[in-house]
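Asker: My structure is stored as start_13.cif, with mmCIF, C-alpha atoms.
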```cif
data_data
loop_
_atom_site.label_atom_id
_atom_site.label_comp_id
_atom_site.auth_asym_id
_atom_site.auth_seq_id
_atom_site.Cartn_x
_atom_site.Cartn_y
_atom_site.Cartn_z
CA MET A 1 47.63 55.18 -21.22
CA SER A 2 46.38 58.72 -20.97
CA VAL A 3 47.57 59.43 -17.45
CA PRO A 4 48.83 63.02 -17.27
CA THR A 5 52.58 63.40 -16.92
CA GLU A 6 52.31 65.24 -13.64
CA HIS A 7 50.85 62.17 -11.97
CA LEU A 8 53.93 60.16 -12.94
CA LEU A 9 56.15 62.96 -11.66
CA ALA A 10 54.14 63.20 -8.44
CA LEU A 11 54.53 59.46 -7.86
CA ALA A 12 58.27 59.82 -8.39
CA ALA A 13 58.41 62.70 -5.91
CA ILE A 14 56.51 60.69 -3.30
CA LEU A 15 58.77 57.66 -3.75
CA PHE A 16 61.85 59.87 -3.51
CA ALA A 17 60.59 61.47 -0.30
CA ILE A 18 59.93 58.04 1.21
CA GLY A 19 63.46 57.04 0.26
CA VAL A 20 64.91 60.16 1.88
CA ALA A 21 62.91 59.47 5.03
CA GLY A 22 64.21 55.92 5.21
CA PHE A 23 67.76 57.04 4.51
CA PHE A 24 67.80 59.54 7.35
CA THR A 25 65.82 57.68 9.98
CA ARG A 26 66.64 53.98 9.81
CA ARG A 27 69.52 52.52 11.79
CA ASN A 28 69.91 49.29 9.84
CA LEU A 29 72.64 49.79 7.22
CA ILE A 30 70.99 47.41 4.74
CA VAL A 31 67.68 49.24 4.91
CA VAL A 32 69.55 52.50 4.36
CA LEU A 33 71.03 51.03 1.17
CA MET A 34 67.55 49.93 0.10
CA SER A 35 66.30 53.48 0.62
CA ILE A 36 69.01 54.66 -1.77
CA GLU A 37 67.74 52.16 -4.34
CA LEU A 38 64.26 53.57 -3.84
CA MET A 39 65.52 57.09 -4.57
CA LEU A 40 67.31 55.90 -7.71
CA ASN A 41 64.09 54.30 -8.90
CA ALA A 42 62.21 57.53 -8.34
CA ALA A 43 64.76 59.25 -10.58
CA ASN A 44 64.24 56.53 -13.20
CA LEU A 45 60.51 57.11 -13.11
CA THR A 46 61.10 60.81 -13.71
CA PHE A 47 63.21 60.02 -16.77
CA VAL A 48 60.51 57.70 -18.08
CA ALA A 49 57.84 60.33 -17.56
CA GLY A 50 59.89 62.94 -19.40
CA SER A 51 60.64 60.59 -22.26
CA ARG A 52 56.99 59.67 -22.56
CA LEU A 53 56.05 63.34 -22.61
CA HIS A 54 58.41 64.07 -25.49
CA SER A 55 57.77 61.04 -27.69
CA SER A 56 54.98 60.22 -30.03
CA THR A 57 54.11 56.92 -31.62
CA GLY A 58 56.40 57.52 -34.56
CA ALA A 59 59.41 59.10 -32.89
CA VAL A 60 60.61 57.79 -29.55
CA GLN A 61 62.64 60.07 -27.31
CA VAL A 62 65.46 57.67 -26.44
CA ASP A 63 67.60 59.80 -24.11
CA GLY A 64 65.40 59.09 -21.10
CA PRO A 65 65.42 55.29 -21.39
CA ILE A 66 69.17 55.31 -22.04
CA PHE A 67 69.76 57.27 -18.87
CA VAL A 68 67.53 54.81 -17.04
CA ILE A 69 69.67 51.92 -18.29
CA PHE A 70 72.86 53.62 -17.14
CA ILE A 71 71.29 54.44 -13.77
CA ILE A 72 70.33 50.79 -13.34
CA ALA A 73 73.92 49.76 -14.12
CA VAL A 74 75.30 52.25 -11.62
CA ALA A 75 72.71 51.17 -9.05
CA ALA A 76 73.85 47.57 -9.41
CA VAL A 77 77.46 48.67 -8.90
CA GLU A 78 76.51 50.77 -5.91
CA ALA A 79 74.58 47.91 -4.32
CA ALA A 80 77.49 45.51 -4.82
CA VAL A 81 80.05 47.88 -3.29
CA GLY A 82 77.71 48.92 -0.49
CA LEU A 83 76.91 45.35 0.48
CA ALA A 84 80.59 44.37 0.36
CA LEU A 85 81.27 47.23 2.76
CA VAL A 86 78.42 46.04 4.97
CA ILE A 87 79.95 42.58 5.12
CA ALA A 88 83.40 43.99 5.90
CA LEU A 89 81.94 46.19 8.66
CA TYR A 90 79.90 43.29 10.04
CA ARG A 91 83.07 41.25 10.36
CA GLN A 92 84.59 44.01 12.45
CA LYS A 93 81.69 44.79 14.79
CA GLN A 94 79.18 41.91 14.42
CA THR A 95 76.39 44.40 13.80
CA VAL A 96 74.86 46.41 10.97
CA SER A 97 73.50 49.17 13.18
CA LEU A 98 74.74 52.54 11.99
CA ASP A 99 75.27 53.73 15.57
CA ALA A 100 78.15 51.30 15.93
CA PHE A 101 80.00 53.04 13.14
CA ALA A 102 79.49 56.61 14.25
CA ARG A 103 83.15 57.19 15.02
CA LEU A 104 85.71 57.27 12.22
CA GLU A 105 88.64 56.34 14.44
CA ASP A 106 87.57 52.79 15.28
CA MET B 1 40.95 50.65 -17.73
CA VAL B 2 44.65 51.00 -18.46
CA ASP B 3 44.64 54.25 -16.50
CA LEU B 4 43.09 52.47 -13.55
CA LEU B 5 45.90 49.92 -13.71
CA PHE B 6 48.40 52.79 -13.47
CA TYR B 7 46.78 54.15 -10.33
CA VAL B 8 46.63 50.70 -8.76
CA ALA B 9 50.33 50.17 -9.54
CA ALA B 10 51.16 53.63 -8.15
CA LEU B 11 49.28 52.87 -4.94
CA VAL B 12 51.05 49.55 -4.55
CA ALA B 13 54.41 51.24 -5.19
CA VAL B 14 53.82 53.87 -2.50
CA LEU B 15 52.49 51.39 0.06
CA THR B 16 55.35 48.94 -0.45
CA ALA B 17 57.88 51.81 -0.32
CA VAL B 18 56.45 52.79 3.06
CA GLY B 19 56.71 49.13 4.01
CA VAL B 20 60.43 49.14 3.18
CA VAL B 21 61.03 51.98 5.60
CA LEU B 22 58.78 50.73 8.39
CA ALA B 23 59.42 46.98 8.41
CA ARG B 24 61.23 45.60 11.43
CA ASN B 25 62.49 42.50 9.68
CA PRO B 26 64.99 43.22 6.86
CA VAL B 27 63.61 40.29 4.85
CA VAL B 28 60.21 41.99 4.85
CA SER B 29 61.94 45.16 3.66
CA VAL B 30 63.58 43.31 0.79
CA VAL B 31 60.36 41.64 -0.35
CA SER B 32 58.51 44.93 -0.01
CA LEU B 33 61.10 46.68 -2.18
CA LEU B 34 60.81 43.88 -4.69
CA SER B 35 57.06 44.46 -5.01
CA CYS B 36 57.72 48.17 -5.33
CA PHE B 37 60.07 47.52 -8.25
CA GLY B 38 57.51 45.16 -9.76
CA SER B 39 54.82 47.81 -9.75
CA LEU B 40 57.28 50.30 -11.22
CA ALA B 41 57.89 47.79 -14.01
CA VAL B 42 54.14 47.71 -14.61
CA ILE B 43 54.18 51.50 -14.89
CA TYR B 44 57.06 51.39 -17.40
CA LEU B 45 55.12 48.85 -19.40
CA LEU B 46 52.02 51.04 -19.41
CA ALA B 47 54.10 54.03 -20.47
CA GLY B 48 55.26 52.05 -23.52
CA PHE B 49 58.79 51.11 -22.44
CA GLN B 50 58.63 47.35 -22.56
CA PHE B 51 62.39 46.91 -22.59
CA LEU B 52 62.81 49.02 -19.46
CA ALA B 53 60.12 46.98 -17.74
CA ALA B 54 61.99 43.81 -18.64
CA ILE B 55 65.34 45.00 -17.35
CA GLN B 56 63.69 46.45 -14.27
CA ILE B 57 62.46 42.94 -13.45
CA LEU B 58 65.66 41.17 -14.56
CA VAL B 59 68.30 43.46 -13.09
CA TYR B 60 66.53 44.92 -10.08
CA GLY B 61 64.31 42.00 -9.21
CA GLY B 62 66.65 39.28 -10.34
CA ALA B 63 70.08 40.59 -9.46
CA ILE B 64 70.08 43.49 -7.02
CA MET B 65 67.35 42.30 -4.69
CA VAL B 66 68.76 38.80 -4.63
CA LEU B 67 72.07 40.36 -3.62
CA PHE B 68 70.34 42.19 -0.76
CA LEU B 69 68.49 39.06 0.28
CA PHE B 70 71.73 37.10 0.12
CA VAL B 71 73.49 39.52 2.45
CA VAL B 72 70.55 39.54 4.87
CA MET B 73 70.63 35.76 4.97
CA LEU B 74 74.43 35.60 5.14
CA LEU B 75 74.56 37.89 8.15
CA ASN B 76 71.55 36.13 9.67
CA LEU B 77 69.57 39.33 10.15
CA GLY B 78 66.22 37.77 9.41
CA GLY B 79 65.29 37.78 13.07
CA LEU B 80 64.33 34.14 12.96
CA ASN B 81 65.49 33.30 16.45
CA PRO B 82 63.37 35.25 18.89
CA GLU B 83 66.09 35.35 21.51
CA ASP B 84 68.40 37.35 19.25
CA GLU B 85 70.14 40.03 21.19
CA ASP B 86 68.96 43.01 19.15
CA ARG B 87 65.26 42.20 18.99
CA ASP B 88 64.49 45.20 21.15
CA ASP B 89 66.84 47.48 19.28
CA PRO B 90 65.12 50.65 18.22
CA LEU B 91 64.35 50.66 14.53
CA PHE B 92 65.07 54.32 14.02
CA HIS B 93 67.67 56.80 15.16
CA ASP B 94 67.03 58.77 18.31
CA ARG B 95 64.14 61.19 18.22
CA ARG B 96 66.09 64.30 17.28
CA ARG B 97 67.84 62.77 14.26
CA SER B 98 64.68 61.00 13.11
CA ALA B 99 62.65 64.19 13.33
CA GLY B 100 65.31 66.04 11.37
CA GLY B 101 65.40 63.39 8.66
CA LEU B 102 61.63 63.24 8.46
CA ALA B 103 61.47 67.04 8.22
CA VAL B 104 63.97 66.98 5.34
CA ALA B 105 61.95 64.29 3.56
CA VAL B 106 58.62 66.05 4.04
CA ALA B 107 60.07 69.38 2.94
CA LEU B 108 61.67 67.85 -0.14
CA GLY B 109 58.57 65.87 -1.05
CA SER B 110 56.10 68.68 -0.57
CA ALA B 111 58.33 71.21 -2.36
CA SER B 112 58.62 68.97 -5.41
CA LEU B 113 54.93 68.08 -5.33
CA ILE B 114 53.96 71.74 -5.18
CA GLY B 115 56.36 72.49 -8.01
CA ILE B 116 55.02 69.65 -10.13
CA LEU B 117 51.37 70.48 -9.57
CA ARG B 118 51.90 74.22 -10.15
CA GLY B 119 53.91 73.60 -13.27
CA ALA B 120 51.51 70.94 -14.53
CA ARG B 121 49.45 73.30 -16.63
CA HIS B 122 52.53 74.21 -18.66
CA LEU B 123 53.17 70.59 -19.56
CA ALA B 124 51.94 69.57 -22.97
CA GLU B 125 49.63 66.61 -23.08
CA PRO B 126 51.56 63.56 -24.35
CA THR B 127 50.34 63.19 -27.91
CA ASN B 128 49.11 59.66 -27.49
CA GLY B 129 51.71 58.11 -25.27
CA LEU B 130 53.93 55.49 -26.82
CA VAL B 131 53.04 52.26 -28.49
CA PRO B 132 50.63 50.09 -26.54
CA PRO B 133 52.26 46.86 -25.35
CA GLU B 134 50.46 44.64 -27.83
CA GLU B 135 52.21 46.30 -30.76
CA GLY B 136 55.59 44.92 -29.89
CA PHE B 137 58.99 46.35 -29.02
CA ASP B 138 58.75 49.44 -31.15
CA ALA B 139 61.01 51.60 -28.99
CA LEU B 140 63.81 49.06 -28.84
CA PRO B 141 65.51 49.58 -32.26
CA ALA B 142 65.79 53.32 -31.67
CA LEU B 143 67.10 52.66 -28.16
CA ALA B 144 69.72 50.21 -29.37
CA GLU B 145 70.85 52.50 -32.15
CA ALA B 146 71.35 55.42 -29.78
CA MET B 147 73.07 53.19 -27.24
CA PHE B 148 75.72 52.03 -29.68
CA THR B 149 76.25 55.26 -31.60
CA ARG B 150 75.67 58.46 -29.67
CA TYR B 151 76.10 56.86 -26.26
CA SER B 152 78.88 54.41 -27.06
CA LEU B 153 81.42 56.21 -24.88
CA PRO B 154 79.24 56.08 -21.73
CA PHE B 155 78.50 52.47 -22.63
CA GLU B 156 82.22 51.63 -22.60
CA ALA B 157 82.66 53.64 -19.40
CA ALA B 158 79.92 51.56 -17.80
CA SER B 159 81.72 48.36 -18.73
CA VAL B 160 84.97 49.66 -17.23
CA LEU B 161 83.02 50.65 -14.12
CA LEU B 162 81.59 47.14 -13.82
CA LEU B 163 85.03 45.58 -14.18
CA ALA B 164 86.54 47.92 -11.60
CA THR B 165 83.67 47.15 -9.24
CA THR B 166 84.15 43.42 -9.61
CA VAL B 167 87.80 43.73 -8.63
CA GLY B 168 87.07 46.26 -5.88
CA VAL B 169 84.33 44.19 -4.27
CA MET B 170 86.53 41.12 -4.28
CA VAL B 171 89.28 43.06 -2.50
CA LEU B 172 86.79 44.51 -0.02
CA ALA B 173 85.03 41.30 0.83
CA LYS B 174 88.14 39.15 1.02
CA ARG B 175 88.77 37.83 4.50
CA GLN B 176 91.56 39.93 5.91
CA ARG B 177 94.67 37.96 6.69
CA SER B 178 96.15 39.11 9.96
CA ILE B 179 98.65 41.63 8.72
CA PRO B 180 101.40 42.32 11.24
CA PRO B 181 101.63 46.02 12.08
CA ALA B 182 104.41 47.90 10.33
CA GLY B 183 107.79 47.61 12.00
CA GLU B 184 107.07 44.24 13.53
CA GLU B 185 108.86 41.16 12.43
CA ARG B 186 106.69 38.80 10.39
CA SER B 187 106.82 35.48 12.15
#
```
Will you turn the file into structure tokens for me?
Answerer:
Amino acid sequence: MSVPTEHLLALAAILFAIGVAGFFTRRNLIVVLMSIELMLNAANLTFVAGSRLHSSTGAVQVDGPIFVIFIIAVAAVEAAVGLALVIALYRQKQTVSLDAFARLED
Amino acid sequence: MVDLLFYVAALVAVLTAVGVVLARNPVVSVVSLLSCFGSLAVIYLLAGFQFLAAIQILVYGGAIMVLFLFVVMLLNLGGLNPEDEDRDDPLFHDRRRSAGGLAVAVALGSASLIGILRGARHLAEPTNGLVPPEEGFDALPALAEAMFTRYSLPFEAASVLLLATTVGVMVLAKRQRSIPPAGEERS
């Protein structure tokens, strides 16, 4: 593939911006968590683009892919904890709308 | 031809990402995000990282998205019964917060795009990319060697993190027994 690196980076930037938009505007807690996953994937794509830029056929730049693997592990952890919190909150309020959880005291 | 495949996958990724944010039904969001991750896996494959493409499909598609789908189904948020009480609920926050969030996203996105496109001429051309997919898992031995030598400490830390998460999630999701408030006699 001879796609220039900046196109990969631009795609990552667009995906990240879409994730930020979803994170700030949606009210559904689950969709907010999915927006976070989208942002993490944009970061992964940036790592892949950088690694591809710095490797050649003989010598692979491995730092990028390793970071991607760790990010995927942390993303899985984050999704598990986030969804457990969603379930705990749903038990309390019977809703996943963020507006219901705007006040810390209840 | 391969380049065209990249642009198709990029287009699909962007469209499905927009679909995640705009869909009313959370199930549609989940499936949309799944297709987004699938097209990202195609891009990883084209860039020469076959192993990353595989774990993108296995871990993201197989584990994380199923977890999301499971929670959506468990909480019955699919919007299957039309007389659900929050059918008319607004999808987004009120106008002021939404506009603020959208402004942040647009500013962030355009700033990074401008930076990328301005800095693009300083980027070296990738020599010839990585190995094409048909030549096998060439990047994997180097990846595994680095993972278990130079990065062995983060690797162990990740395993501790996973264990701690397993315990933590079980504590969080456990049905709370009615705990009597402090000072009261337990009956």
Asker: Identify all residues satisfying the PyMOL selection byres ((chain A and resi 31) around 8) in the given file; provide them as a list in words.
Answerer: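 Selected by the PyMOL selection byres ((chain A and resi 31) around 8) in this file: Gly22, Phe23, Arg26, Arg27, Asn28, Leu29, Ile30, Val32, Leu33, Met34 and Ser35 of chain A; Val20, Val21, Pro26 and Ser29 of chain B.
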Asker: Give the answer as one residue: which of A:Ala42, A:Leu53, A:Leu89, A:Val20 has the shortest atom-to-atom distance to B:Leu123, using all atoms listed in the file?
Answerer: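 The closest residue to B:Leu123 is A:Leu53.
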Asker: I'd like the residues picked by the PyMOL selection byres ((chain B) within 7 of (chain A)) written out as a JSON list (two decimals) with C-alpha atoms, in the frame of the given file, using the chain letters and numbers from the file.
Answerer:
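In the end it all went to result.json:
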```json
[["chain", "number", "residue", "atom", "x", "y", "z"],
["B", 2, "VAL", "CA", 44.65, 51.00, -18.46],
["B", 3, "ASP", "CA", 44.64, 54.25, -16.50],
["B", 10, "ALA", "CA", 51.16, 53.63, -8.15],
["B", 14, "VAL", "CA", 53.82, 53.87, -2.50],
["B", 17, "ALA", "CA", 57.88, 51.81, -0.32],
["B", 18, "VAL", "CA", 56.45, 52.79, 3.06],
["B", 21, "VAL", "CA", 61.03, 51.98, 5.60],
["B", 26, "PRO", "CA", 64.99, 43.22, 6.86],
["B", 46, "LEU", "CA", 52.02, 51.04, -19.41],
["B", 47, "ALA", "CA", 54.10, 54.03, -20.47],
["B", 64, "ILE", "CA", 70.08, 43.49, -7.02],
["B", 91, "LEU", "CA", 64.35, 50.66, 14.53],
["B", 92, "PHE", "CA", 65.07, 54.32, 14.02],
["B", 93, "HIS", "CA", 67.67, 56.80, 15.16],
["B", 97, "ARG", "CA", 67.84, 62.77, 14.26],
["B", 98, "SER", "CA", 64.68, 61.00, 13.11],
["B", 101, "GLY", "CA", 65.40, 63.39, 8.66],
["B", 102, "LEU", "CA", 61.63, 63.24, 8.46],
["B", 105, "ALA", "CA", 61.95, 64.29, 3.56],
["B", 106, "VAL", "CA", 58.62, 66.05, 4.04],
["B", 108, "LEU", "CA", 61.67, 67.85, -0.14],
["B", 109, "GLY", "CA", 58.57, 65.87, -1.05],
["B", 112, "SER", "CA", 58.62, 68.97, -5.41],
["B", 113, "LEU", "CA", 54.93, 68.08, -5.33],
["B", 116, "ILE", "CA", 55.02, 69.65, -10.13],
["B", 117, "LEU", "CA", 51.37, 70.48, -9.57],
["B", 120, "ALA", "CA", 51.51, 70.94, -14.53],
["B", 125, "GLU", "CA", 49.63, 66.61, -23.08],
["B", 126, "PRO", "CA", 51.56, 63.56, -24.35],
["B", 127, "THR", "CA", 50.34, 63.19, -27.91],
["B", 128, "ASN", "CA", 49.11, 59.66, -27.49],
["B", 129, "GLY", "CA", 51.71, 58.11, -25.27],
["B", 130, "LEU", "CA", 53.93, 55.49, -26.82],
["B", 131, "VAL", "CA", 53.04, 52.26, -28.49],
["B", 139, "ALA", "CA", 61.01, 51.60, -28.99],
["B", 142, "ALA", "CA", 65.79, 53.32, -31.67],
["B", 143, "LEU", "CA", 67.10, 52.66, -28.16],
["B", 147, "MET", "CA", 73.07, 53.19, -27.24],
["B", 162, "LEU", "CA", 81.59, 47.14, -13.82],
["B", 165, "THR", "CA", 83.67, 47.15, -9.24],
["B", 169, "VAL", "CA", 84.33, 44.19, -4.27],
["B", 172, "LEU", "CA", 86.79, 44.51, -0.02],
["B", 173, "ALA", "CA", 85.03, 41.30, 0.83]]
```
Asker: Have a look at atom CA of A:Thr46 and atom CA of B:Tyr44 and let me know their distance in Å, one decimal.
Answerer: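 Between atom CA of A:Thr46 and atom CA of B:Tyr44 the gap is 10.9 Å.
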Asker: When you draw a straight line from atom CA of B:Ala111 to atom CA of A:Ile36, how long is it in Å?
Answerer: 19.7 Å
Asker: Work out how far atom CA of B:Leu153 is from atom CA of B:Ile55, in Å to one decimal.
Answerer: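 Interatomic distance, atom CA of B:Ile55 to atom CA of B:Leu153: 21.0 Å.
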Asker: Residue by residue, what does the PyMOL selection byres ((chain B and resi 32) around 10) grab here? Present the result as an NGL selection string.
Answerer: :B and (12-13 or 15-21 or 23 or 26-31 or 33-38)
Asker: Got a moment to write stretch 31-53 of chain A out with N, CA, C and O atoms, as a PDB file, in the first residue's frame?
Answerer:
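Final output, saved to decode_19.pdb:
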```pdb
ATOM      1  N   VAL A  31     -23.591   4.884  24.861  1.00  0.00           N
ATOM      2  CA  VAL A  31     -23.041   5.479  23.641  1.00  0.00           C
ATOM      3  C   VAL A  31     -21.830   6.340  23.975  1.00  0.00           C
ATOM      4  O   VAL A  31     -20.867   6.411  23.200  1.00  0.00           O
ATOM      5  N   VAL A  32     -21.846   6.969  25.163  1.00  0.00           N
ATOM      6  CA  VAL A  32     -20.681   7.747  25.582  1.00  0.00           C
ATOM      7  C   VAL A  32     -19.469   6.827  25.725  1.00  0.00           C
ATOM      8  O   VAL A  32     -18.360   7.143  25.268  1.00  0.00           O
ATOM      9  N   LEU A  33     -19.673   5.649  26.316  1.00  0.00           N
ATOM     10  CA  LEU A  33     -18.571   4.687  26.442  1.00  0.00           C
ATOM     11  C   LEU A  33     -18.078   4.236  25.066  1.00  0.00           C
ATOM     12  O   LEU A  33     -16.880   4.076  24.838  1.00  0.00           O
ATOM     13  N   MET A  34     -19.029   4.063  24.126  1.00  0.00           N
ATOM     14  CA  MET A  34     -18.616   3.658  22.783  1.00  0.00           C
ATOM     15  C   MET A  34     -17.820   4.761  22.112  1.00  0.00           C
ATOM     16  O   MET A  34     -16.872   4.475  21.364  1.00  0.00           O
ATOM     17  N   SER A  35     -18.143   6.018  22.395  1.00  0.00           N
ATOM     18  CA  SER A  35     -17.358   7.118  21.825  1.00  0.00           C
ATOM     19  C   SER A  35     -15.928   7.075  22.344  1.00  0.00           C
ATOM     20  O   SER A  35     -14.978   7.363  21.611  1.00  0.00           O
ATOM     21  N   ILE A  36     -15.777   6.684  23.627  1.00  0.00           N
ATOM     22  CA  ILE A  36     -14.422   6.561  24.177  1.00  0.00           C
ATOM     23  C   ILE A  36     -13.655   5.480  23.436  1.00  0.00           C
ATOM     24  O   ILE A  36     -12.475   5.649  23.103  1.00  0.00           O
ATOM     25  N   GLU A  37     -14.345   4.358  23.138  1.00  0.00           N
ATOM     26  CA  GLU A  37     -13.676   3.299  22.377  1.00  0.00           C
ATOM     27  C   GLU A  37     -13.240   3.805  21.003  1.00  0.00           C
ATOM     28  O   GLU A  37     -12.160   3.454  20.513  1.00  0.00           O
ATOM     29  N   LEU A  38     -14.087   4.639  20.412  1.00  0.00           N
ATOM     30  CA  LEU A  38     -13.754   5.212  19.104  1.00  0.00           C
ATOM     31  C   LEU A  38     -12.490   6.053  19.196  1.00  0.00           C
ATOM     32  O   LEU A  38     -11.597   5.973  18.336  1.00  0.00           O
ATOM     33  N   MET A  39     -12.368   6.848  20.259  1.00  0.00           N
ATOM     34  CA  MET A  39     -11.176   7.687  20.420  1.00  0.00           C
ATOM     35  C   MET A  39      -9.936   6.820  20.619  1.00  0.00           C
ATOM     36  O   MET A  39      -8.869   7.102  20.064  1.00  0.00           O
ATOM     37  N   LEU A  40     -10.075   5.739  21.402  1.00  0.00           N
ATOM     38  CA  LEU A  40      -8.926   4.856  21.611  1.00  0.00           C
ATOM     39  C   LEU A  40      -8.485   4.223  20.293  1.00  0.00           C
ATOM     40  O   LEU A  40      -7.288   4.064  20.034  1.00  0.00           O
ATOM     41  N   ASN A  41      -9.459   3.896  19.445  1.00  0.00           N
ATOM     42  CA  ASN A  41      -9.101   3.311  18.162  1.00  0.00           C
ATOM     43  C   ASN A  41      -8.407   4.307  17.258  1.00  0.00           C
ATOM     44  O   ASN A  41      -7.520   3.934  16.479  1.00  0.00           O
ATOM     45  N   ALA A  42      -8.806   5.572  17.358  1.00  0.00           N
ATOM     46  CA  ALA A  42      -8.107   6.593  16.574  1.00  0.00           C
ATOM     47  C   ALA A  42      -6.650   6.678  17.014  1.00  0.00           C
ATOM     48  O   ALA A  42      -5.740   6.786  16.181  1.00  0.00           O
ATOM     49  N   ALA A  43      -6.419   6.584  18.327  1.00  0.00           N
ATOM     50  CA  ALA A  43      -5.041   6.597  18.823  1.00  0.00           C
ATOM     51  C   ALA A  43      -4.275   5.387  18.294  1.00  0.00           C
ATOM     52  O   ALA A  43      -3.113   5.504  17.873  1.00  0.00           O
ATOM     53  N   ASN A  44      -4.932   4.223  18.276  1.00  0.00           N
ATOM     54  CA  ASN A  44      -4.287   3.021  17.741  1.00  0.00           C
ATOM     55  C   ASN A  44      -3.874   3.218  16.294  1.00  0.00           C
ATOM     56  O   ASN A  44      -2.783   2.815  15.886  1.00  0.00           O
ATOM     57  N   LEU A  45      -4.766   3.838  15.526  1.00  0.00           N
ATOM     58  CA  LEU A  45      -4.471   4.049  14.110  1.00  0.00           C
ATOM     59  C   LEU A  45      -3.267   4.969  13.954  1.00  0.00           C
ATOM     60  O   LEU A  45      -2.424   4.776  13.071  1.00  0.00           O
ATOM     61  N   THR A  46      -3.149   5.954  14.852  1.00  0.00           N
ATOM     62  CA  THR A  46      -1.977   6.830  14.796  1.00  0.00           C
ATOM     63  C   THR A  46      -0.698   6.051  15.056  1.00  0.00           C
ATOM     64  O   THR A  46       0.315   6.239  14.368  1.00  0.00           O
ATOM     65  N   PHE A  47      -0.741   5.155  16.054  1.00  0.00           N
ATOM     66  CA  PHE A  47       0.440   4.338  16.341  1.00  0.00           C
ATOM     67  C   PHE A  47       0.807   3.475  15.136  1.00  0.00           C
ATOM     68  O   PHE A  47       1.991   3.328  14.789  1.00  0.00           O
ATOM     69  N   VAL A  48      -0.211   2.893  14.504  1.00  0.00           N
ATOM     70  CA  VAL A  48       0.055   2.044  13.340  1.00  0.00           C
ATOM     71  C   VAL A  48       0.675   2.857  12.216  1.00  0.00           C
ATOM     72  O   VAL A  48       1.645   2.419  11.569  1.00  0.00           O
ATOM     73  N   ALA A  49       0.143   4.064  12.009  1.00  0.00           N
ATOM     74  CA  ALA A  49       0.685   4.900  10.936  1.00  0.00           C
ATOM     75  C   ALA A  49       2.139   5.248  11.219  1.00  0.00           C
ATOM     76  O   ALA A  49       2.990   5.183  10.319  1.00  0.00           O
ATOM     77  N   GLY A  50       2.442   5.594  12.472  1.00  0.00           N
ATOM     78  CA  GLY A  50       3.820   5.938  12.807  1.00  0.00           C
ATOM     79  C   GLY A  50       4.745   4.754  12.647  1.00  0.00           C
ATOM     80  O   GLY A  50       5.857   4.874  12.119  1.00  0.00           O
ATOM     81  N   SER A  51       4.279   3.587  13.062  1.00  0.00           N
ATOM     82  CA  SER A  51       5.110   2.395  12.951  1.00  0.00           C
ATOM     83  C   SER A  51       5.358   2.045  11.494  1.00  0.00           C
ATOM     84  O   SER A  51       6.468   1.652  11.114  1.00  0.00           O
ATOM     85  N   ARG A  52       4.333   2.217  10.682  1.00  0.00           N
ATOM     86  CA  ARG A  52       4.492   1.929   9.256  1.00  0.00           C
ATOM     87  C   ARG A  52       5.471   2.905   8.627  1.00  0.00           C
ATOM     88  O   ARG A  52       6.276   2.545   7.766  1.00  0.00           O
ATOM     89  N   LEU A  53       5.434   4.155   9.078  1.00  0.00           N
ATOM     90  CA  LEU A  53       6.334   5.163   8.524  1.00  0.00           C
ATOM     91  C   LEU A  53       7.784   4.815   8.819  1.00  0.00           C
ATOM     92  O   LEU A  53       8.665   5.027   7.998  1.00  0.00           O
TER      93      LEU A  53
END
```
